[in-house]
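Following: one structure in structure tokens, then a few remarks.
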Amino acid sequence: MSDAPHDLGHDDESLATVAAARRAAADRLVTPWWYHPVLGVLFGLYAVALASGEPWLMVAGIVVFFAGVGLLVWSYRRLTGMWISGYQPGPASRWAQLMGVVGALGSLAAMLLAWYTDVAFGWIWVIAAALALGVVVTGRQYDRVLRADLRGEL
Amino acid sequence: MTAAEPAPAFDDVIHAPLRLRTCAFLDAVTSAEFGAVRDLLGVADSVVSKHVKVLVDAGYVELEKPTGRGRVRTWVHLTPAGRAAYRGHVAALRGITAAIDAD
């Protein structure tokens, strides 16, 4: 921080520089088309594994889920040269939070239905598919809002 | 910028055009690869390094060099102090331009 005088005429230019840098970040944020579908499938398989009630399958489901998410994040960082945490404060973060809620509630619903009702296991796959779809929708909405925010369109 | 805005505070370390662009870019992300910053600035690696070092020395930026096989990619991110200083600087710029516009 400094109280040194500076060229006031350049302040508008500086703010334009800031806006341009944020737009550049938005332009570079091109999520691969397969990113959210793969994430949705990971969530869906995780829910099915938990609902199965088989200890080995539940453990395998958890391991595959976290390894898969780790691999997705690694791929995204490598492809875009950037990373934005879904929990970084901003208008888009509510969509990341909603994705977490969809994932948690979907998995819980699948688990409770399988464990405490006589519903056919086929319905668990239906819930898993709906969960995967919810992850894709919230994930793509997150991307849209994030890019609009960076471009100053919100 | 959508988080709580810090108090306006003009910052000479950040105000240099290439460092301001670097901070604006890094504020938009959680972290970025050195090459992404270089692409944004459109200057040589050595120039980026020089300006990033100034920001590192000020405690505004941190570098990560993940270990592993293959080419090591350096990642850059703003520290909390750097993010606050950048946002305070932008708030100061907005205040100055608003005051000029009001005159």
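Simple scheme: letters A, B, ... for chains in structure tokens order, numbers from 1 for residues in each chain, numbers from 1 for ligands in the order shown.
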Distance table requested - range 11-129 of chain A against range 23-34 of chain B, cut-off 8 Å, only C-alpha atoms: one row per qualifying residue with the closest atom pair and its distance in Å to one decimal, ordered by chain and rising residue number, as a Markdown table.
```
| residue | atom | partner | partner_atom | distance |
| --- | --- | --- | --- | --- |
| A:Val18 | CA | B:Ala24 | CA | 5.3 |
| A:Ala19 | CA | B:Ala24 | CA | 7.9 |
| A:Ala21 | CA | B:Phe25 | CA | 5.2 |
| A:Arg22 | CA | B:Phe25 | CA | 5.6 |
| A:Ala24 | CA | B:Phe25 | CA | 7.6 |
| A:Ala25 | CA | B:Phe25 | CA | 6.2 |
| A:Gly81 | CA | B:Glu33 | CA | 4.9 |
| A:Met82 | CA | B:Ala32 | CA | 4.2 |
| A:Trp83 | CA | B:Ser31 | CA | 5.3 |
| A:Ile84 | CA | B:Thr30 | CA | 4.6 |
| A:Ser85 | CA | B:Thr30 | CA | 6.0 |
| A:Gln88 | CA | B:Thr30 | CA | 7.3 |
```
Inset, instruction - Going by DSSP on the backbone, which bits of range 15-97 of chain B are strand (DSSP E or B)? Write them as a list in words, please. - result: Ser31, Ala32, Glu33, Val61, Glu62, Leu63, Glu64, Trp75, Val76, His77 and Leu78 of chain B
Would you export the selected residues with C-alpha atoms as a PDB file, in the first residue's frame, please?
```pdb
ATOM      1  CA  SER B  31      -5.035 -21.240  -9.157  1.00  0.00           C
ATOM      2  CA  ALA B  32      -3.543 -21.051 -12.629  1.00  0.00           C
ATOM      3  CA  GLU B  33      -0.623 -22.632 -14.406  1.00  0.00           C
ATOM      4  CA  VAL B  61       1.217 -14.753  -4.579  1.00  0.00           C
ATOM      5  CA  GLU B  62       2.405 -18.271  -3.859  1.00  0.00           C
ATOM      6  CA  LEU B  63       3.890 -20.818  -6.237  1.00  0.00           C
ATOM      7  CA  GLU B  64       3.224 -24.562  -6.260  1.00  0.00           C
ATOM      8  CA  TRP B  75       1.046 -23.215 -10.503  1.00  0.00           C
ATOM      9  CA  VAL B  76       0.346 -19.763  -9.155  1.00  0.00           C
ATOM     10  CA  HIS B  77      -2.327 -18.547  -6.767  1.00  0.00           C
ATOM     11  CA  LEU B  78      -3.139 -15.400  -4.825  1.00  0.00           C
TER      12      LEU B  78
END
```
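Distances from B:Pro6, B:Ser46, B:Asp11, B:Gly35 to Arg73 in chain B were compared using only C-alpha atoms, and the smallest one belongs to B:Gly35.
Between chain B and the candidates A:Ala51, A:Leu113, A:Ala16, A:Leu39, the tightest atom-to-atom separation, counting only C-alpha atoms, involves A:Ala16.
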Legend entry - Contact set, chain A to chain B: 10 Å, only C-alpha atoms, as a PyMOL selection string: chain A and resi 1-6+8-26+28-29+77-78+80-91+146+149-150+152
Could you save those same residues with N, CA and C atoms as a CSV table (one decimal), in the first residue's frame?
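And here is the file that came out, result_11.csv:
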```
chain,number,residue,atom,x,y,z
A,1,MET,N,0.8,-1.2,0.0
A,1,MET,CA,0.0,0.0,0.0
A,1,MET,C,0.9,1.2,0.0
A,2,SER,N,0.4,2.3,-0.7
A,2,SER,CA,1.2,3.5,-0.7
A,2,SER,C,0.3,4.7,-0.9
A,3,ASP,N,0.9,5.8,-0.4
A,3,ASP,CA,0.2,7.1,-0.6
A,3,ASP,C,0.8,7.8,-1.8
A,4,ALA,N,1.8,7.2,-2.5
A,4,ALA,CA,2.5,7.9,-3.6
A,4,ALA,C,1.5,8.3,-4.6
A,5,PRO,N,1.7,9.5,-5.2
A,5,PRO,CA,0.8,10.0,-6.3
A,5,PRO,C,1.0,9.1,-7.5
A,6,HIS,N,-0.1,9.0,-8.3
A,6,HIS,CA,0.0,8.2,-9.5
A,6,HIS,C,-0.8,8.9,-10.6
A,8,LEU,N,-3.7,9.7,-12.5
A,8,LEU,CA,-5.2,9.5,-12.4
A,8,LEU,C,-5.8,9.2,-13.8
A,9,GLY,N,-5.2,9.7,-14.8
A,9,GLY,CA,-5.7,9.4,-16.2
A,9,GLY,C,-5.7,8.0,-16.6
A,10,HIS,N,-4.8,7.2,-15.9
A,10,HIS,CA,-4.7,5.8,-16.2
A,10,HIS,C,-5.6,4.9,-15.5
A,11,ASP,N,-6.4,5.5,-14.5
A,11,ASP,CA,-7.2,4.6,-13.7
A,11,ASP,C,-8.3,3.9,-14.5
A,12,ASP,N,-8.9,4.6,-15.4
A,12,ASP,CA,-10.0,4.0,-16.3
A,12,ASP,C,-9.3,2.9,-17.1
A,13,GLU,N,-8.1,3.1,-17.6
A,13,GLU,CA,-7.4,2.1,-18.3
A,13,GLU,C,-7.1,0.9,-17.5
A,14,SER,N,-6.8,1.2,-16.2
A,14,SER,CA,-6.5,0.1,-15.3
A,14,SER,C,-7.7,-0.8,-15.0
A,15,LEU,N,-8.9,-0.1,-14.9
A,15,LEU,CA,-10.1,-0.9,-14.7
A,15,LEU,C,-10.5,-1.7,-15.9
A,16,ALA,N,-10.2,-1.1,-17.1
A,16,ALA,CA,-10.4,-1.9,-18.3
A,16,ALA,C,-9.5,-3.1,-18.4
A,17,THR,N,-8.3,-2.9,-17.9
A,17,THR,CA,-7.3,-4.0,-17.9
A,17,THR,C,-7.9,-5.2,-17.0
A,18,VAL,N,-8.4,-4.8,-15.8
A,18,VAL,CA,-9.0,-5.8,-14.9
A,18,VAL,C,-10.1,-6.5,-15.6
A,19,ALA,N,-11.0,-5.8,-16.3
A,19,ALA,CA,-12.2,-6.4,-16.9
A,19,ALA,C,-11.7,-7.4,-18.0
A,20,ALA,N,-10.7,-6.9,-18.8
A,20,ALA,CA,-10.1,-7.8,-19.9
A,20,ALA,C,-9.5,-9.1,-19.3
A,21,ALA,N,-8.8,-9.0,-18.2
A,21,ALA,CA,-8.2,-10.2,-17.6
A,21,ALA,C,-9.3,-11.2,-17.1
A,22,ARG,N,-10.3,-10.6,-16.6
A,22,ARG,CA,-11.4,-11.5,-16.1
A,22,ARG,C,-12.1,-12.2,-17.3
A,23,ARG,N,-12.3,-11.4,-18.4
A,23,ARG,CA,-12.9,-12.0,-19.6
A,23,ARG,C,-12.0,-13.1,-20.2
A,24,ALA,N,-10.7,-12.8,-20.1
A,24,ALA,CA,-9.7,-13.8,-20.6
A,24,ALA,C,-9.8,-15.1,-19.8
A,25,ALA,N,-10.0,-15.0,-18.5
A,25,ALA,CA,-10.2,-16.2,-17.7
A,25,ALA,C,-11.5,-16.9,-18.1
A,26,ALA,N,-12.6,-16.2,-18.4
A,26,ALA,CA,-13.8,-16.8,-18.8
A,26,ALA,C,-13.7,-17.5,-20.1
A,28,ARG,N,-11.0,-18.8,-21.3
A,28,ARG,CA,-10.2,-20.0,-21.1
A,28,ARG,C,-10.9,-21.1,-20.4
A,29,LEU,N,-12.0,-20.8,-19.7
A,29,LEU,CA,-12.7,-21.8,-18.9
A,29,LEU,C,-13.7,-22.6,-19.8
A,77,ARG,N,-7.5,-29.5,-14.8
A,77,ARG,CA,-6.4,-28.6,-14.6
A,77,ARG,C,-5.4,-28.7,-15.7
A,78,ARG,N,-5.1,-29.9,-16.2
A,78,ARG,CA,-4.1,-30.1,-17.3
A,78,ARG,C,-4.6,-29.5,-18.6
A,80,THR,N,-7.1,-27.1,-19.1
A,80,THR,CA,-7.4,-25.6,-19.1
A,80,THR,C,-6.2,-24.8,-18.5
A,81,GLY,N,-5.3,-25.4,-17.7
A,81,GLY,CA,-4.3,-24.6,-17.1
A,81,GLY,C,-4.8,-23.8,-16.0
A,82,MET,N,-6.0,-24.1,-15.5
A,82,MET,CA,-6.6,-23.3,-14.4
A,82,MET,C,-7.5,-24.2,-13.5
A,83,TRP,N,-7.7,-23.7,-12.3
A,83,TRP,CA,-8.6,-24.4,-11.5
A,83,TRP,C,-9.4,-23.4,-10.7
A,84,ILE,N,-10.7,-23.7,-10.6
A,84,ILE,CA,-11.6,-22.8,-9.8
A,84,ILE,C,-12.4,-23.7,-8.9
A,85,SER,N,-12.2,-23.5,-7.6
A,85,SER,CA,-12.9,-24.3,-6.7
A,85,SER,C,-14.4,-23.9,-6.7
A,86,GLY,N,-15.3,-24.9,-6.7
A,86,GLY,CA,-16.7,-24.6,-6.7
A,86,GLY,C,-17.1,-23.8,-5.5
A,87,TYR,N,-16.3,-23.8,-4.5
A,87,TYR,CA,-16.7,-23.2,-3.2
A,87,TYR,C,-16.0,-21.8,-3.1
A,88,GLN,N,-15.3,-21.4,-4.2
A,88,GLN,CA,-14.8,-20.0,-4.2
A,88,GLN,C,-16.0,-19.0,-4.2
A,89,PRO,N,-16.1,-18.1,-3.3
A,89,PRO,CA,-17.3,-17.2,-3.2
A,89,PRO,C,-17.6,-16.6,-4.5
A,90,GLY,N,-18.9,-16.5,-4.8
A,90,GLY,CA,-19.3,-15.8,-6.0
A,90,GLY,C,-20.7,-16.3,-6.4
A,91,PRO,N,-21.4,-15.7,-7.3
A,91,PRO,CA,-22.7,-16.1,-7.7
A,91,PRO,C,-22.8,-17.6,-8.2
A,146,LEU,N,-20.7,-18.9,-13.8
A,146,LEU,CA,-19.3,-18.5,-13.6
A,146,LEU,C,-18.8,-17.6,-14.7
A,149,ASP,N,-20.4,-14.2,-14.8
A,149,ASP,CA,-19.8,-13.4,-13.7
A,149,ASP,C,-18.5,-12.8,-14.1
A,150,LEU,N,-17.6,-13.7,-14.6
A,150,LEU,CA,-16.3,-13.2,-15.0
A,150,LEU,C,-16.3,-12.2,-16.2
A,152,GLY,N,-18.6,-10.0,-16.4
A,152,GLY,CA,-19.3,-8.8,-15.9
A,152,GLY,C,-20.7,-8.7,-16.4
```
Inset, instruction - In Å, rounded to a single decimal, give me how far CA of Ala128 in chain A is from CA of Arg147 in chain A. - result: 28.7 Å
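Excluding Ile62 in chain A itself and same-chain residues fewer than 6 positions from it, the residues having an atom within 9 Å of it are A:Tyr46, A:Ala49, A:Leu50, counting only C-alpha atoms.
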Write out the residues from the selection above, keeping all heavy atoms, as a short mmCIF file (atom, residue, chain, number, x, y, z; two decimals), in the first residue's frame.
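Result written to part-v5.cif:
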```cif
data_model
loop_
_atom_site.label_atom_id
_atom_site.label_comp_id
_atom_site.auth_asym_id
_atom_site.auth_seq_id
_atom_site.Cartn_x
_atom_site.Cartn_y
_atom_site.Cartn_z
N TYR A 46 -21.78 -44.27 -7.18
CA TYR A 46 -21.56 -44.13 -5.74
C TYR A 46 -22.86 -44.42 -4.98
O TYR A 46 -22.88 -45.18 -4.00
CB TYR A 46 -21.07 -42.70 -5.48
CG TYR A 46 -20.89 -42.31 -4.03
CD1 TYR A 46 -19.80 -42.77 -3.30
CD2 TYR A 46 -21.79 -41.44 -3.42
CE1 TYR A 46 -19.62 -42.38 -1.99
CE2 TYR A 46 -21.61 -41.04 -2.10
CZ TYR A 46 -20.53 -41.51 -1.39
OH TYR A 46 -20.35 -41.13 -0.10
N ALA A 49 -23.70 -48.14 -5.23
CA ALA A 49 -22.81 -48.93 -4.37
C ALA A 49 -23.24 -48.84 -2.92
O ALA A 49 -23.28 -49.85 -2.20
CB ALA A 49 -21.37 -48.44 -4.54
N LEU A 50 -23.58 -47.63 -2.48
CA LEU A 50 -24.01 -47.46 -1.08
C LEU A 50 -25.33 -48.21 -0.84
O LEU A 50 -25.53 -48.83 0.20
CB LEU A 50 -24.19 -45.98 -0.74
CG LEU A 50 -22.92 -45.13 -0.65
CD1 LEU A 50 -23.27 -43.72 -0.20
CD2 LEU A 50 -21.91 -45.74 0.31
#
```
Give me the residues within 12 Å of Trp34 in chain A as a JSON list (two decimals) with all heavy atoms, in the first residue's frame, counting only C-alpha atoms and dropping any in the same chain fewer than 3 places off.
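Resulting contents of around-v4.json:
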```
[["chain", "number", "residue", "atom", "x", "y", "z"],
["A", 30, "VAL", "N", -13.14, -23.43, -20.61],
["A", 30, "VAL", "CA", -13.98, -24.27, -21.46],
["A", 30, "VAL", "C", -13.95, -25.68, -20.88],
["A", 30, "VAL", "O", -12.97, -26.42, -21.06],
["A", 30, "VAL", "CB", -13.49, -24.26, -22.92],
["A", 30, "VAL", "CG1", -14.38, -25.15, -23.78],
["A", 30, "VAL", "CG2", -13.48, -22.83, -23.46],
["A", 31, "THR", "N", -15.01, -26.03, -20.19],
["A", 31, "THR", "CA", -15.08, -27.36, -19.57],
["A", 31, "THR", "C", -15.28, -28.40, -20.66],
["A", 31, "THR", "O", -16.18, -28.25, -21.49],
["A", 31, "THR", "CB", -16.25, -27.41, -18.57],
["A", 31, "THR", "OG1", -16.08, -26.34, -17.63],
["A", 31, "THR", "CG2", -16.28, -28.73, -17.81],
["A", 37, "PRO", "N", -20.88, -35.17, -17.47],
["A", 37, "PRO", "CA", -21.44, -36.52, -17.58],
["A", 37, "PRO", "C", -20.63, -37.56, -16.78],
["A", 37, "PRO", "O", -21.21, -38.42, -16.11],
["A", 37, "PRO", "CB", -21.40, -36.80, -19.08],
["A", 37, "PRO", "CG", -21.55, -35.46, -19.70],
["A", 37, "PRO", "CD", -20.78, -34.53, -18.80],
["A", 38, "VAL", "N", -19.31, -37.49, -16.84],
["A", 38, "VAL", "CA", -18.49, -38.45, -16.09],
["A", 38, "VAL", "C", -18.70, -38.24, -14.58],
["A", 38, "VAL", "O", -18.84, -39.20, -13.81],
["A", 38, "VAL", "CB", -16.98, -38.31, -16.46],
["A", 38, "VAL", "CG1", -16.11, -39.14, -15.52],
["A", 38, "VAL", "CG2", -16.75, -38.74, -17.90],
["A", 39, "LEU", "N", -18.75, -36.98, -14.18],
["A", 39, "LEU", "CA", -18.99, -36.69, -12.75],
["A", 39, "LEU", "C", -20.35, -37.23, -12.33],
["A", 39, "LEU", "O", -20.50, -37.82, -11.24],
["A", 39, "LEU", "CB", -18.92, -35.16, -12.52],
["A", 39, "LEU", "CG", -19.01, -34.70, -11.08],
["A", 39, "LEU", "CD1", -17.88, -35.29, -10.23],
["A", 39, "LEU", "CD2", -18.94, -33.17, -11.01],
["A", 40, "GLY", "N", -21.36, -37.06, -13.22],
["A", 40, "GLY", "CA", -22.70, -37.58, -12.92],
["A", 40, "GLY", "C", -22.70, -39.10, -12.78],
["A", 40, "GLY", "O", -23.31, -39.65, -11.86],
["A", 41, "VAL", "N", -21.98, -39.77, -13.67],
["A", 41, "VAL", "CA", -21.90, -41.25, -13.61],
["A", 41, "VAL", "C", -21.21, -41.67, -12.30],
["A", 41, "VAL", "O", -21.65, -42.63, -11.64],
["A", 41, "VAL", "CB", -21.14, -41.80, -14.85],
["A", 41, "VAL", "CG1", -20.77, -43.26, -14.64],
["A", 41, "VAL", "CG2", -21.99, -41.64, -16.09],
["A", 72, "LEU", "N", -10.67, -36.54, -12.56],
["A", 72, "LEU", "CA", -11.37, -35.48, -13.30],
["A", 72, "LEU", "C", -10.74, -34.11, -13.04],
["A", 72, "LEU", "O", -10.51, -33.34, -13.97],
["A", 72, "LEU", "CB", -12.84, -35.43, -12.86],
["A", 72, "LEU", "CG", -13.87, -36.23, -13.65],
["A", 72, "LEU", "CD1", -15.25, -35.95, -13.11],
["A", 72, "LEU", "CD2", -13.81, -35.92, -15.14],
["A", 75, "SER", "N", -7.44, -33.88, -14.79],
["A", 75, "SER", "CA", -7.61, -33.69, -16.24],
["A", 75, "SER", "C", -8.03, -32.25, -16.56],
["A", 75, "SER", "O", -7.52, -31.64, -17.51],
["A", 75, "SER", "CB", -8.70, -34.62, -16.78],
["A", 75, "SER", "OG", -8.42, -35.94, -16.47],
["A", 76, "TYR", "N", -8.94, -31.73, -15.77],
["A", 76, "TYR", "CA", -9.44, -30.36, -16.00],
["A", 76, "TYR", "C", -8.29, -29.36, -15.87],
["A", 76, "TYR", "O", -8.12, -28.47, -16.71],
["A", 76, "TYR", "CB", -10.53, -30.04, -14.98],
["A", 76, "TYR", "CG", -11.21, -28.72, -15.21],
["A", 76, "TYR", "CD1", -12.40, -28.65, -15.92],
["A", 76, "TYR", "CD2", -10.67, -27.54, -14.72],
["A", 76, "TYR", "CE1", -13.02, -27.43, -16.14],
["A", 76, "TYR", "CE2", -11.28, -26.33, -14.93],
["A", 76, "TYR", "CZ", -12.46, -26.28, -15.64],
["A", 76, "TYR", "OH", -13.07, -25.08, -15.86],
["A", 136, "VAL", "N", -25.26, -33.20, -13.87],
["A", 136, "VAL", "CA", -24.92, -32.59, -15.17],
["A", 136, "VAL", "C", -25.59, -31.21, -15.29],
["A", 136, "VAL", "O", -24.94, -30.22, -15.67],
["A", 136, "VAL", "CB", -25.37, -33.50, -16.34],
["A", 136, "VAL", "CG1", -25.19, -32.79, -17.68],
["A", 136, "VAL", "CG2", -24.56, -34.80, -16.33],
["A", 139, "GLY", "N", -24.02, -28.74, -12.79],
["A", 139, "GLY", "CA", -22.63, -28.47, -13.19],
["A", 139, "GLY", "C", -22.56, -27.52, -14.37],
["A", 139, "GLY", "O", -21.77, -26.58, -14.37],
["A", 140, "ARG", "N", -23.41, -27.75, -15.35],
["A", 140, "ARG", "CA", -23.38, -26.87, -16.54],
["A", 140, "ARG", "C", -23.91, -25.48, -16.20],
["A", 140, "ARG", "O", -23.44, -24.48, -16.74],
["A", 140, "ARG", "CB", -24.17, -27.52, -17.68],
["A", 140, "ARG", "CG", -23.41, -28.75, -18.16],
["A", 140, "ARG", "CD", -23.84, -29.26, -19.50],
["A", 140, "ARG", "NE", -22.87, -30.25, -19.97],
["A", 140, "ARG", "CZ", -23.12, -31.24, -20.79],
["A", 140, "ARG", "NH1", -24.33, -31.39, -21.27],
["A", 140, "ARG", "NH2", -22.18, -32.08, -21.16]]
```
Legend entry - chain A: residues DSSP assigns to alpha helix (DSSP H), reported as a PyMOL selection string: chain A and resi 11-28+35-52+55-80+93-116+122-150
List the neighbours of Leu105 in chain A out to 12 Å using only C-alpha atoms; skip same-chain residues closer than 2 positions along the sequence, and give me the result as an mmCIF file with N, CA, C and O atoms, in the first residue's frame.
```cif
data_model
loop_
_atom_site.group_PDB
_atom_site.id
_atom_site.type_symbol
_atom_site.label_atom_id
_atom_site.label_comp_id
_atom_site.auth_asym_id
_atom_site.auth_seq_id
_atom_site.Cartn_x
_atom_site.Cartn_y
_atom_site.Cartn_z
ATOM 1 N N PHE A 43 -21.215 -40.084 -9.460
ATOM 2 C CA PHE A 43 -22.200 -39.889 -8.379
ATOM 3 C C PHE A 43 -23.224 -41.020 -8.392
ATOM 4 O O PHE A 43 -23.591 -41.555 -7.340
ATOM 5 N N GLY A 44 -23.714 -41.356 -9.601
ATOM 6 C CA GLY A 44 -24.736 -42.397 -9.717
ATOM 7 C C GLY A 44 -24.222 -43.752 -9.230
ATOM 8 O O GLY A 44 -24.898 -44.453 -8.470
ATOM 9 N N ALA A 47 -23.972 -43.847 -5.488
ATOM 10 C CA ALA A 47 -25.276 -44.059 -4.840
ATOM 11 C C ALA A 47 -25.681 -45.533 -4.921
ATOM 12 O O ALA A 47 -26.165 -46.108 -3.929
ATOM 13 N N LEU A 98 -25.476 -26.571 -4.638
ATOM 14 C CA LEU A 98 -26.675 -27.328 -5.002
ATOM 15 C C LEU A 98 -26.285 -28.703 -5.548
ATOM 16 O O LEU A 98 -26.958 -29.707 -5.244
ATOM 17 N N MET A 99 -25.188 -28.758 -6.307
ATOM 18 C CA MET A 99 -24.729 -30.058 -6.809
ATOM 19 C C MET A 99 -24.388 -30.982 -5.639
ATOM 20 O O MET A 99 -24.731 -32.175 -5.644
ATOM 21 N N GLY A 100 -23.742 -30.442 -4.625
ATOM 22 C CA GLY A 100 -23.418 -31.239 -3.439
ATOM 23 C C GLY A 100 -24.671 -31.740 -2.747
ATOM 24 O O GLY A 100 -24.751 -32.898 -2.320
ATOM 25 N N VAL A 101 -25.686 -30.866 -2.655
ATOM 26 C CA VAL A 101 -26.952 -31.245 -2.016
ATOM 27 C C VAL A 101 -27.645 -32.343 -2.823
ATOM 28 O O VAL A 101 -28.138 -33.336 -2.273
ATOM 29 N N VAL A 102 -27.671 -32.172 -4.162
ATOM 30 C CA VAL A 102 -28.284 -33.174 -5.044
ATOM 31 C C VAL A 102 -27.580 -34.516 -4.861
ATOM 32 O O VAL A 102 -28.221 -35.570 -4.719
ATOM 33 N N GLY A 103 -26.245 -34.485 -4.819
ATOM 34 C CA GLY A 103 -25.468 -35.715 -4.659
ATOM 35 C C GLY A 103 -25.751 -36.389 -3.329
ATOM 36 O O GLY A 103 -25.974 -37.612 -3.265
ATOM 37 N N SER A 107 -27.969 -39.871 -3.005
ATOM 38 C CA SER A 107 -27.323 -41.059 -2.434
ATOM 39 C C SER A 107 -28.093 -41.544 -1.207
ATOM 40 O O SER A 107 -28.301 -42.748 -1.010
ATOM 41 N N LEU A 108 -28.511 -40.581 -0.385
ATOM 42 C CA LEU A 108 -29.252 -40.943 0.838
ATOM 43 C C LEU A 108 -30.596 -41.595 0.487
ATOM 44 O O LEU A 108 -30.979 -42.620 1.087
ATOM 45 N N ALA A 109 -31.282 -41.016 -0.504
ATOM 46 C CA ALA A 109 -32.583 -41.566 -0.910
ATOM 47 C C ALA A 109 -32.414 -42.987 -1.437
ATOM 48 O O ALA A 109 -33.200 -43.887 -1.085
ATOM 49 N N ALA A 110 -31.384 -43.202 -2.268
ATOM 50 C CA ALA A 110 -31.142 -44.543 -2.815
ATOM 51 C C ALA A 110 -30.864 -45.534 -1.689
ATOM 52 O O ALA A 110 -31.394 -46.658 -1.674
ATOM 53 N N MET A 111 -30.047 -45.106 -0.739
ATOM 54 C CA MET A 111 -29.661 -45.971 0.380
ATOM 55 C C MET A 111 -30.872 -46.334 1.251
ATOM 56 O O MET A 111 -31.110 -47.506 1.572
ATOM 57 N N LEU A 112 -31.657 -45.317 1.604
ATOM 58 C CA LEU A 112 -32.802 -45.555 2.496
ATOM 59 C C LEU A 112 -33.849 -46.439 1.825
ATOM 60 O O LEU A 112 -34.422 -47.337 2.463
ATOM 61 N N LEU A 113 -34.086 -46.154 0.523
ATOM 62 C CA LEU A 113 -35.072 -46.967 -0.206
ATOM 63 C C LEU A 113 -34.637 -48.428 -0.277
ATOM 64 O O LEU A 113 -35.441 -49.345 -0.073
ATOM 65 N N ILE A 127 -33.044 -43.842 -9.631
ATOM 66 C CA ILE A 127 -32.616 -42.715 -8.777
ATOM 67 C C ILE A 127 -31.191 -42.303 -9.143
ATOM 68 O O ILE A 127 -30.871 -41.113 -9.231
ATOM 69 N N ALA A 128 -30.335 -43.308 -9.383
ATOM 70 C CA ALA A 128 -28.938 -43.004 -9.743
ATOM 71 C C ALA A 128 -28.887 -42.222 -11.053
ATOM 72 O O ALA A 128 -28.088 -41.281 -11.191
ATOM 73 N N ALA A 130 -31.277 -40.284 -12.240
ATOM 74 C CA ALA A 130 -31.790 -38.933 -11.968
ATOM 75 C C ALA A 130 -30.712 -38.105 -11.265
ATOM 76 O O ALA A 130 -30.537 -36.908 -11.551
ATOM 77 N N LEU A 131 -29.987 -38.748 -10.368
ATOM 78 C CA LEU A 131 -28.894 -38.071 -9.650
ATOM 79 C C LEU A 131 -27.824 -37.626 -10.651
ATOM 80 O O LEU A 131 -27.340 -36.478 -10.588
ATOM 81 N N GLY A 134 -29.055 -34.697 -12.546
ATOM 82 C CA GLY A 134 -29.036 -33.495 -11.689
ATOM 83 C C GLY A 134 -27.631 -32.913 -11.590
ATOM 84 O O GLY A 134 -27.444 -31.686 -11.604
ATOM 85 N N VAL A 135 -26.624 -33.768 -11.519
ATOM 86 C CA VAL A 135 -25.232 -33.309 -11.439
ATOM 87 C C VAL A 135 -24.834 -32.621 -12.747
ATOM 88 O O VAL A 135 -24.190 -31.568 -12.733
#
```
Residue contacts of Pro32 in chain A (9 Å, only C-alpha atoms) excluding same-chain residues fewer than 3 positions away, as a compact mmCIF listing (two decimals) with N, CA and C atoms, in the first residue's frame:
```
# COMPACT_ATOMS: atom_id res chain seq x y z
N TYR A 35 -16.90 -33.74 -19.03
CA TYR A 35 -16.58 -33.55 -17.62
C TYR A 35 -17.79 -33.82 -16.70
N HIS A 36 -18.88 -33.12 -16.96
CA HIS A 36 -20.04 -33.27 -16.07
C HIS A 36 -20.74 -34.63 -16.23
N TYR A 76 -8.94 -31.73 -15.77
CA TYR A 76 -9.44 -30.36 -16.00
C TYR A 76 -8.29 -29.36 -15.87
N LEU A 79 -5.93 -29.66 -18.85
CA LEU A 79 -6.47 -29.19 -20.12
C LEU A 79 -6.62 -27.67 -20.16
```
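One distance worth recording is that between CA of Thr138 in chain A and CA of Val63 in chain A, which is 23.6 Å.
Reported to one decimal place, the separation of CA of Tyr86 in chain B from CA of Ala7 in chain B is 10.7 Å.
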